[in-house]
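K.L.:
So I've got this file, target_9.cif, and it contains mmCIF, C-alpha atoms:
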```
data_structure
loop_
_atom_site.label_atom_id
_atom_site.label_comp_id
_atom_site.auth_asym_id
_atom_site.auth_seq_id
_atom_site.Cartn_x
_atom_site.Cartn_y
_atom_site.Cartn_z
CA MET C 215 2.54 0.40 32.27
CA THR C 216 4.90 3.31 31.70
CA THR C 217 4.05 6.40 29.72
CA PRO C 218 5.69 7.20 26.36
CA ALA C 219 9.08 8.83 26.46
CA GLN C 220 9.45 12.55 25.79
CA GLY C 221 11.11 11.87 22.43
CA ALA C 222 8.11 9.90 21.22
CA ALA C 223 5.76 12.67 22.30
CA SER C 224 7.64 15.23 20.24
CA ALA C 225 7.25 13.01 17.17
CA SER C 226 3.51 13.69 17.27
CA ASP C 227 4.24 17.31 16.37
CA LEU C 228 5.42 16.20 12.92
CA PRO C 229 2.97 16.23 9.98
CA SER C 230 0.90 13.10 9.63
CA PRO C 231 2.23 10.57 7.10
CA LEU C 232 -1.26 10.59 5.60
CA THR C 233 -0.60 14.06 4.14
CA SER C 234 1.99 12.51 1.84
CA VAL C 235 -0.57 9.99 0.60
CA GLU C 236 -2.59 12.71 -1.13
CA ASP C 237 0.57 14.02 -2.82
CA MET C 238 1.48 10.53 -4.05
CA ARG C 239 -2.04 9.98 -5.36
CA ALA C 240 -1.94 13.34 -7.15
CA THR C 241 1.26 12.15 -8.84
CA ALA C 242 -0.50 8.94 -9.86
CA LYS C 243 -3.40 10.95 -11.33
CA TRP C 244 -1.01 12.98 -13.47
CA THR C 245 0.65 9.77 -14.63
CA LEU C 246 -2.72 8.32 -15.59
CA ALA C 247 -3.59 11.51 -17.48
CA VAL C 248 -0.37 11.32 -19.51
CA VAL C 249 -0.78 7.60 -20.17
CA GLY C 250 -4.41 8.12 -21.13
CA ALA C 251 -3.47 10.86 -23.58
CA THR C 252 -0.85 8.58 -25.10
CA GLY C 253 -3.43 5.83 -25.46
CA ALA C 254 -5.88 8.23 -27.09
CA VAL C 255 -3.27 9.19 -29.68
CA LEU C 256 -2.42 5.55 -30.22
CA ILE C 257 -5.96 4.52 -31.12
CA SER C 258 -6.87 7.73 -32.90
CA GLY C 259 -7.31 8.20 -36.61
CA GLY C 260 -3.60 7.98 -37.49
CA PRO C 261 -3.20 4.24 -36.91
CA LEU C 262 -6.62 3.55 -38.41
CA VAL C 263 -5.62 5.35 -41.60
CA ALA C 264 -2.28 3.53 -41.61
CA VAL C 265 -4.09 0.19 -41.53
CA GLY C 266 -5.05 0.84 -45.14
CA GLN C 267 -1.36 0.70 -46.04
CA VAL C 268 -0.99 -2.91 -44.85
CA HIS C 269 -0.34 -5.34 -47.69
CA GLY C 270 -0.38 -9.08 -47.26
CA VAL C 271 -1.22 -11.44 -44.42
CA ALA C 272 2.28 -11.38 -42.91
CA HIS C 273 2.30 -7.60 -42.70
CA ALA C 274 -1.20 -7.61 -41.27
CA VAL C 275 -0.13 -10.02 -38.51
CA LEU C 276 2.96 -7.94 -37.70
CA ALA C 277 0.88 -4.75 -37.64
CA GLY C 278 -1.59 -6.42 -35.28
CA VAL C 279 1.22 -7.60 -33.01
CA GLY C 280 2.72 -4.11 -32.96
CA LEU C 281 -0.58 -2.48 -32.09
CA ALA C 282 -1.27 -5.13 -29.44
CA CYS C 283 2.16 -4.50 -27.85
CA ALA C 284 1.50 -0.78 -27.74
CA LEU C 285 -1.93 -1.24 -26.18
CA ALA C 286 -0.50 -3.74 -23.69
CA GLY C 287 2.04 -1.13 -22.65
CA ILE C 288 -0.74 1.39 -22.05
CA TRP C 289 -2.71 -1.21 -20.07
CA LEU C 290 0.29 -2.06 -17.88
CA ALA C 291 0.86 1.57 -16.99
CA ILE C 292 -2.81 2.23 -16.24
CA TRP C 293 -3.30 -0.97 -14.21
CA PHE C 294 -0.33 -0.53 -11.88
CA THR C 295 -0.73 3.23 -11.51
CA SER C 296 -4.40 2.82 -10.62
CA GLN C 297 -3.34 0.62 -7.68
CA VAL C 298 -2.05 3.78 -6.01
CA LEU C 299 -5.56 5.27 -6.18
CA THR C 300 -7.33 2.15 -4.94
CA PRO C 301 -8.75 2.62 -1.41
CA ARG C 302 -6.68 0.69 1.10
CA LEU C 303 -7.62 -0.51 4.59
CA THR C 304 -4.58 -0.61 6.86
CA THR C 305 -5.16 -2.44 10.15
CA PRO C 306 -2.86 -4.09 12.71
CA ALA C 307 -3.42 -7.32 10.78
CA VAL C 308 -1.03 -6.14 8.05
CA PHE C 309 1.83 -6.76 10.49
CA THR C 310 0.63 -10.14 11.73
CA GLU C 311 -1.25 -11.91 8.92
CA GLN C 312 0.39 -14.98 7.46
CA ARG C 313 1.87 -14.86 3.96
CA THR C 314 -0.74 -17.14 2.46
CA SER C 315 -1.41 -15.21 -0.72
CA ALA C 316 0.46 -13.08 -3.21
CA VAL C 317 -1.16 -9.92 -1.80
CA THR C 318 -0.26 -10.62 1.83
CA ARG C 319 3.25 -11.71 0.85
CA LYS C 320 3.76 -8.45 -1.03
CA THR C 321 2.42 -6.45 1.92
CA SER C 322 4.59 -8.30 4.42
CA LEU C 323 7.73 -7.82 2.35
CA THR C 324 6.95 -4.14 1.86
CA LEU C 325 6.40 -3.52 5.56
CA ALA C 326 9.46 -5.57 6.54
CA SER C 327 11.77 -2.64 5.78
CA LEU C 328 9.57 -0.26 7.80
CA THR C 329 9.43 -2.66 10.73
CA GLU C 330 13.20 -3.04 10.62
CA GLN C 331 13.71 0.72 10.81
CA ILE C 332 11.27 1.09 13.71
CA ASP C 333 12.80 -1.80 15.63
CA LYS C 334 16.22 -0.14 15.42
CA ASN C 335 14.94 2.85 17.38
CA PRO C 336 11.62 1.89 19.02
CA THR C 337 11.86 4.58 21.71
CA TYR C 338 11.41 7.30 19.10
CA PHE C 339 8.18 5.70 17.86
CA PHE C 340 6.73 4.14 21.02
CA GLY C 341 8.55 5.70 23.92
CA GLU C 342 8.69 3.07 26.67
CA LEU C 343 5.49 1.39 25.54
CA ALA C 344 7.22 -1.34 23.55
CA THR C 345 10.61 -2.45 22.31
CA SER C 346 9.48 -3.33 18.79
CA VAL C 347 6.45 -3.50 16.52
CA SER C 348 5.82 -7.13 17.42
CA ASP C 349 6.19 -6.29 21.12
CA LEU C 350 3.60 -3.51 20.81
CA LEU C 351 1.13 -5.77 19.01
CA GLY C 352 1.83 -8.62 21.45
CA ARG C 353 1.25 -6.44 24.51
CA ARG C 354 -1.97 -5.12 23.01
CA ALA C 355 -3.24 -8.64 22.28
CA LYS C 356 -2.38 -9.77 25.83
CA THR C 357 -4.09 -6.73 27.31
CA LEU C 358 -7.25 -7.39 25.31
CA ASP C 359 -7.22 -11.03 26.39
CA ALA C 360 -6.74 -10.05 30.02
CA MET C 361 -9.56 -7.50 29.80
CA GLN C 362 -11.92 -10.16 28.45
CA LYS C 363 -11.06 -12.57 31.26
CA VAL C 364 -11.42 -9.90 33.95
CA ALA C 365 -14.73 -8.76 32.48
CA GLU C 366 -16.01 -12.35 32.50
CA ALA C 367 -14.86 -12.83 36.08
CA LEU C 368 -16.49 -9.53 37.08
CA ALA C 369 -19.79 -10.55 35.51
CA ALA C 370 -19.72 -13.88 37.37
CA SER C 371 -18.56 -12.49 40.72
CA ALA C 372 -21.07 -12.15 43.54
CA ASP C 373 -18.55 -10.94 46.13
CA VAL C 374 -18.51 -7.16 46.60
CA THR C 375 -14.84 -7.00 47.59
CA MET C 376 -13.74 -9.20 44.71
CA SER C 377 -15.87 -7.20 42.30
CA ALA C 378 -14.20 -3.99 43.46
CA ARG C 379 -10.76 -5.51 42.92
CA LEU C 380 -11.72 -6.77 39.49
CA GLN C 381 -13.15 -3.36 38.59
CA THR C 382 -9.88 -1.72 39.60
CA THR C 383 -7.92 -4.24 37.54
CA LEU C 384 -10.20 -3.68 34.56
CA GLY C 385 -9.73 0.07 34.81
CA ARG C 386 -5.94 -0.34 34.86
CA LEU C 387 -6.08 -2.62 31.83
CA GLN C 388 -8.27 -0.13 29.98
CA SER C 389 -5.72 2.59 30.74
CA ASP C 390 -2.93 0.37 29.45
CA LEU C 391 -4.91 -0.38 26.29
CA ALA C 392 -5.46 3.33 25.67
CA ARG C 393 -1.70 3.93 25.80
CA LEU C 394 -1.01 0.99 23.49
CA ASP C 395 -3.69 2.18 21.06
CA ALA C 396 -2.04 5.61 21.02
CA GLY C 397 1.19 3.97 19.89
CA LEU C 398 -0.70 1.91 17.33
CA LYS C 399 -2.47 4.99 15.97
CA SER C 400 0.90 6.57 15.25
CA LEU C 401 2.10 3.39 13.54
CA LEU C 402 -0.82 2.65 11.20
CA PRO C 403 -0.75 5.96 9.25
CA LEU C 404 2.96 5.45 8.67
CA ALA C 405 2.36 1.90 7.46
CA HIS C 406 -0.44 3.11 5.20
CA ALA C 407 1.76 5.78 3.60
CA TRP C 408 4.59 3.25 3.29
CA LEU C 409 2.38 0.86 1.32
CA VAL C 410 1.04 3.60 -0.97
CA GLU C 411 4.59 4.79 -1.65
CA ALA C 412 5.60 1.23 -2.54
CA ASP C 413 2.70 1.03 -4.98
CA LEU C 414 3.73 4.35 -6.53
CA ARG C 415 7.34 3.20 -6.91
CA ARG C 416 6.17 -0.07 -8.45
CA SER C 417 3.84 1.79 -10.83
CA ARG C 418 6.73 3.93 -12.08
CA LEU C 419 8.71 0.84 -12.99
CA TRP C 420 5.75 -0.72 -14.80
CA THR C 421 4.98 2.58 -16.53
CA LEU C 422 8.55 2.61 -17.82
CA ALA C 423 8.17 -0.99 -18.99
CA GLY C 424 4.85 -0.09 -20.59
CA GLY C 425 6.48 2.86 -22.35
CA VAL C 426 9.08 0.54 -23.83
CA LEU C 427 6.30 -1.74 -25.09
CA VAL C 428 4.49 1.23 -26.62
CA VAL C 429 7.63 2.34 -28.46
CA VAL C 430 8.39 -1.18 -29.72
CA GLY C 431 4.80 -1.74 -30.78
CA ALA C 432 4.52 1.63 -32.51
CA VAL C 433 7.80 1.15 -34.38
CA LEU C 434 6.73 -2.30 -35.50
CA PHE C 435 3.27 -1.12 -36.54
CA PHE C 436 4.37 1.90 -38.55
CA SER C 437 7.34 0.14 -40.10
CA VAL C 438 4.98 -2.50 -41.45
CA THR C 439 2.32 -0.03 -42.58
CA GLY C 440 4.98 2.05 -44.28
CA ALA C 441 6.50 -0.89 -46.14
CA SER C 442 5.97 -1.04 -49.85
CA PRO C 443 3.82 -3.91 -51.20
CA GLY C 444 5.45 -7.03 -52.55
#
```
Let me see the structure of the file written as C-alpha cells.
P.N.:
Amino acid sequence: MTTPAQGAASASDLPSPLTSVEDMRATAKWTLAVVGATGAVLISGGPLVAVGQVHGVAHAVLAGVGLACALAGIWLAIWFTSQVLTPRLTTPAVFTEQRTSAVTRKTSLTLASLTEQIDKNPTYFFGELATSVSDLLGRRAKTLDAMQKVAEALAASADVTMSARLQTTLGRLQSDLARLDAGLKSLLPLAHAWLVEADLRRSRLWTLAGGVLVVVGAVLFFSVTGASPG
C-alpha cells in the first residue's frame, strides 16, 4: 500500500469543512427567527380584530383560506429550514446504501455531484490511496474482510511459523486500514458539509415559496375582511 501523495497531505492544512457547517446553521437560525417573527405578526391581534369585519359565509370561507395559506407558508419555511439544524450522522454508508427510500435517494443524488468532482481529481483528495470514492470504499471493505479471515486463521493456527506469518500479514493489513481510514476521515466531513449545504439551499427555495404563500394568503384575507357587506 502506497502512502498519500504530497498534494493530498497539503490539503489537510486547509480548514475543516465542518467549520462551514456552523456558519450554515447560524444562517438557518436567523432565517427561523425572521420566519417566526413573521408568523407571530400573522397570528397577532391584527388578524383577529379583522375577523370581526367578515360578513357572510362566502367571505368567511375566503378569509379562512387566506389565513390557512399564510400559515402554510410559515410552516413550509420553518419545516425545511429546521432540517438544516437537525443532527445528521454521516457514515461511509451514505456513499454505498441503495436508493430504497426518498431519504436515501435524495442523499445519493446530493452526493453524486461531490463524488463526481472528487473522481475527476482523486490524487488531490486521496493521494495514491485510491483512484475514486468507490475505489477507496472498496479497498477498505476488502481490507476489513482480509483482516477478519487472517484473524480467524491466526486463532485456529497451532503452527508457530504460520502464526508468525499470519501476525505479520495482519499487521500489514492494519497499517493499510489506517491509511485508508485517514482518507475516509478527510472525505466524511466534506460529505457532511455538502449535505448540510444542500439542505440550506433547499430551505431557501422553500422559504421563498412560503413567502409567496404568505403574501397571497394575507392579501386574500385582508381583501375579504376589508370588503363592505352585501
K.L.:
Contacts of Leu402 (chain C) at 8 Å or less, counting all atoms listed in the file, minus same-chain residues fewer than 5 places along, as a list in words?
P.N.:
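Here the qualifying residues turn out to be Thr304, Thr305 and Pro306 of chain C.
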K.L.:
Could you check the closest approach to Pro231 (chain C) for each of C:Ser322, C:Ser348, C:Ser377, C:Ser400 and tell me which residue wins, using all atoms listed in the file?
P.N.:
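Selected residue with least distance to Pro231 (chain C): C:Ser400.
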K.L.:
Could you jot down the CA of Thr300 (chain C) to CA of Val430 (chain C) separation for me, Å, one decimal place?
P.N.:
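Answer for the CA of Thr300 (chain C) to CA of Val430 (chain C) separation: 29.5 Å.
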K.L.:
How far is it from CA of Ala370 (chain C) to CA of Arg393 (chain C), in Å with one decimal?
P.N.:
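These atoms are spaced 27.9 Å apart.
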K.L.:
At a cut-off of 8 Å, can you tabulate as a Markdown table every residue of region 342-375 of chain C near region 382-390 of chain C together with its closest atom pair and the distance in Å to one decimal, using only C-alpha atoms and ordering rows by chain then number?
P.N.:
```
| residue | atom | partner | partner_atom | distance |
| --- | --- | --- | --- | --- |
| C:Thr357 | CA | C:Leu387 | CA | 6.4 |
| C:Ala360 | CA | C:Leu387 | CA | 7.7 |
| C:Met361 | CA | C:Leu384 | CA | 6.1 |
| C:Val364 | CA | C:Leu384 | CA | 6.4 |
| C:Ala365 | CA | C:Leu384 | CA | 7.1 |
```
K.L.:
Residues at most 7 Å from region 282-293 of chain C, counting only C-alpha atoms, excluding those fewer than 5 positions away in the same chain, as a ChimeraX atom specification?
P.N.:
/C:246,249,253,417,420-421,424-425,427-429,431-432
K.L.:
Point out the residue among C:Ser296, C:Thr241, C:Ala392, C:Leu323 with the least atom-to-atom distance to Arg354 (chain C), counting only C-alpha atoms.
P.N.:
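Checking each candidate against Arg354 (chain C), we get C:Ala392 as the closest.
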K.L.:
Starting from the shown file, work through the PyMOL selection byres ((chain C and resi 353) around 12) and note down what comes out as a list in words.
P.N.:
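This file, filtered by the PyMOL selection byres ((chain C and resi 353) around 12), leaves Met215, Leu343, Ala344, Thr345, Ser346, Val347, Ser348, Asp349, Leu350, Leu351, Gly352, Arg354, Ala355, Lys356, Thr357, Leu358, Asp359, Ala360, Leu387, Asp390, Leu391, Ala392, Arg393, Leu394, Asp395, Gly397 and Leu398 of chain C.
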K.L.:
Edge lengths and centre, in Å to one decimal, as lines of an AutoDock Vina configuration file: that's what I need for the box along x, y and z that holds all listed atoms of region 329-339 of chain C plus 8 Å on each side.
P.N.:
```
center_x = 12.2
center_y = 2.1
center_z = 16.2
size_x = 24.0
size_y = 26.3
size_z = 27.1
```
K.L.:
Just how far from CA of Ala423 (chain C) is CA of Pro301 (chain C), in Å to one decimal?
P.N.:
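Distance between the two atoms: 24.7 Å.
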K.L.:
Residues around (6.8, 10.9, 4.4), cut-off 9 Å, counting all atoms listed in the file - what are they as an NGL selection string?
P.N.:
:C and (229-235 or 404 or 407-408 or 411)
K.L.:
Could you name the residues that touch Ile332 (chain C) at 10 Å or less, counting only C-alpha atoms, but leaving out those on the same chain fewer than 5 positions away, as a list in words?
P.N.:
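Within the cut-off, the hits are Ala326, Ser327, Thr337, Tyr338, Phe339, Phe340, Thr345, Ser346, Val347 and Leu401 of chain C.
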K.L.:
Please, can region 292-304 of chain C be completed to N, CA and C atoms and returned as an mmCIF file, keeping the file's coordinate frame?
P.N.:
```cif
data_model
loop_
_atom_site.group_PDB
_atom_site.id
_atom_site.type_symbol
_atom_site.label_atom_id
_atom_site.label_comp_id
_atom_site.auth_asym_id
_atom_site.auth_seq_id
_atom_site.Cartn_x
_atom_site.Cartn_y
_atom_site.Cartn_z
ATOM 1 N N ILE C 292 -1.555 1.846 -16.882
ATOM 2 C CA ILE C 292 -2.810 2.230 -16.240
ATOM 3 C C ILE C 292 -3.138 1.306 -15.070
ATOM 4 N N TRP C 293 -2.943 0.003 -15.259
ATOM 5 C CA TRP C 293 -3.300 -0.970 -14.210
ATOM 6 C C TRP C 293 -2.485 -0.738 -12.948
ATOM 7 N N PHE C 294 -1.176 -0.640 -13.072
ATOM 8 C CA PHE C 294 -0.330 -0.530 -11.880
ATOM 9 C C PHE C 294 -0.402 0.867 -11.268
ATOM 10 N N THR C 295 -0.598 1.890 -12.070
ATOM 11 C CA THR C 295 -0.730 3.230 -11.510
ATOM 12 C C THR C 295 -2.052 3.373 -10.770
ATOM 13 N N SER C 296 -3.093 2.723 -11.274
ATOM 14 C CA SER C 296 -4.400 2.820 -10.620
ATOM 15 C C SER C 296 -4.392 2.147 -9.243
ATOM 16 N N GLN C 297 -3.434 1.250 -8.996
ATOM 17 C CA GLN C 297 -3.340 0.620 -7.680
ATOM 18 C C GLN C 297 -3.037 1.650 -6.597
ATOM 19 N N VAL C 298 -2.352 2.718 -6.969
ATOM 20 C CA VAL C 298 -2.050 3.780 -6.010
ATOM 21 C C VAL C 298 -3.329 4.479 -5.560
ATOM 22 N N LEU C 299 -4.311 4.560 -6.467
ATOM 23 C CA LEU C 299 -5.560 5.270 -6.180
ATOM 24 C C LEU C 299 -6.609 4.370 -5.548
ATOM 25 N N THR C 300 -6.354 3.073 -5.519
ATOM 26 C CA THR C 300 -7.330 2.150 -4.940
ATOM 27 C C THR C 300 -7.412 2.334 -3.428
ATOM 28 N N PRO C 301 -8.623 2.484 -2.866
ATOM 29 C CA PRO C 301 -8.750 2.620 -1.410
ATOM 30 C C PRO C 301 -8.118 1.431 -0.689
ATOM 31 N N ARG C 302 -7.399 1.722 0.361
ATOM 32 C CA ARG C 302 -6.680 0.690 1.100
ATOM 33 C C ARG C 302 -7.071 0.751 2.571
ATOM 34 N N LEU C 303 -7.317 -0.408 3.163
ATOM 35 C CA LEU C 303 -7.620 -0.510 4.590
ATOM 36 C C LEU C 303 -6.391 -1.050 5.300
ATOM 37 N N THR C 304 -5.782 -0.206 6.137
ATOM 38 C CA THR C 304 -4.580 -0.610 6.860
ATOM 39 C C THR C 304 -4.932 -0.828 8.325
#
```
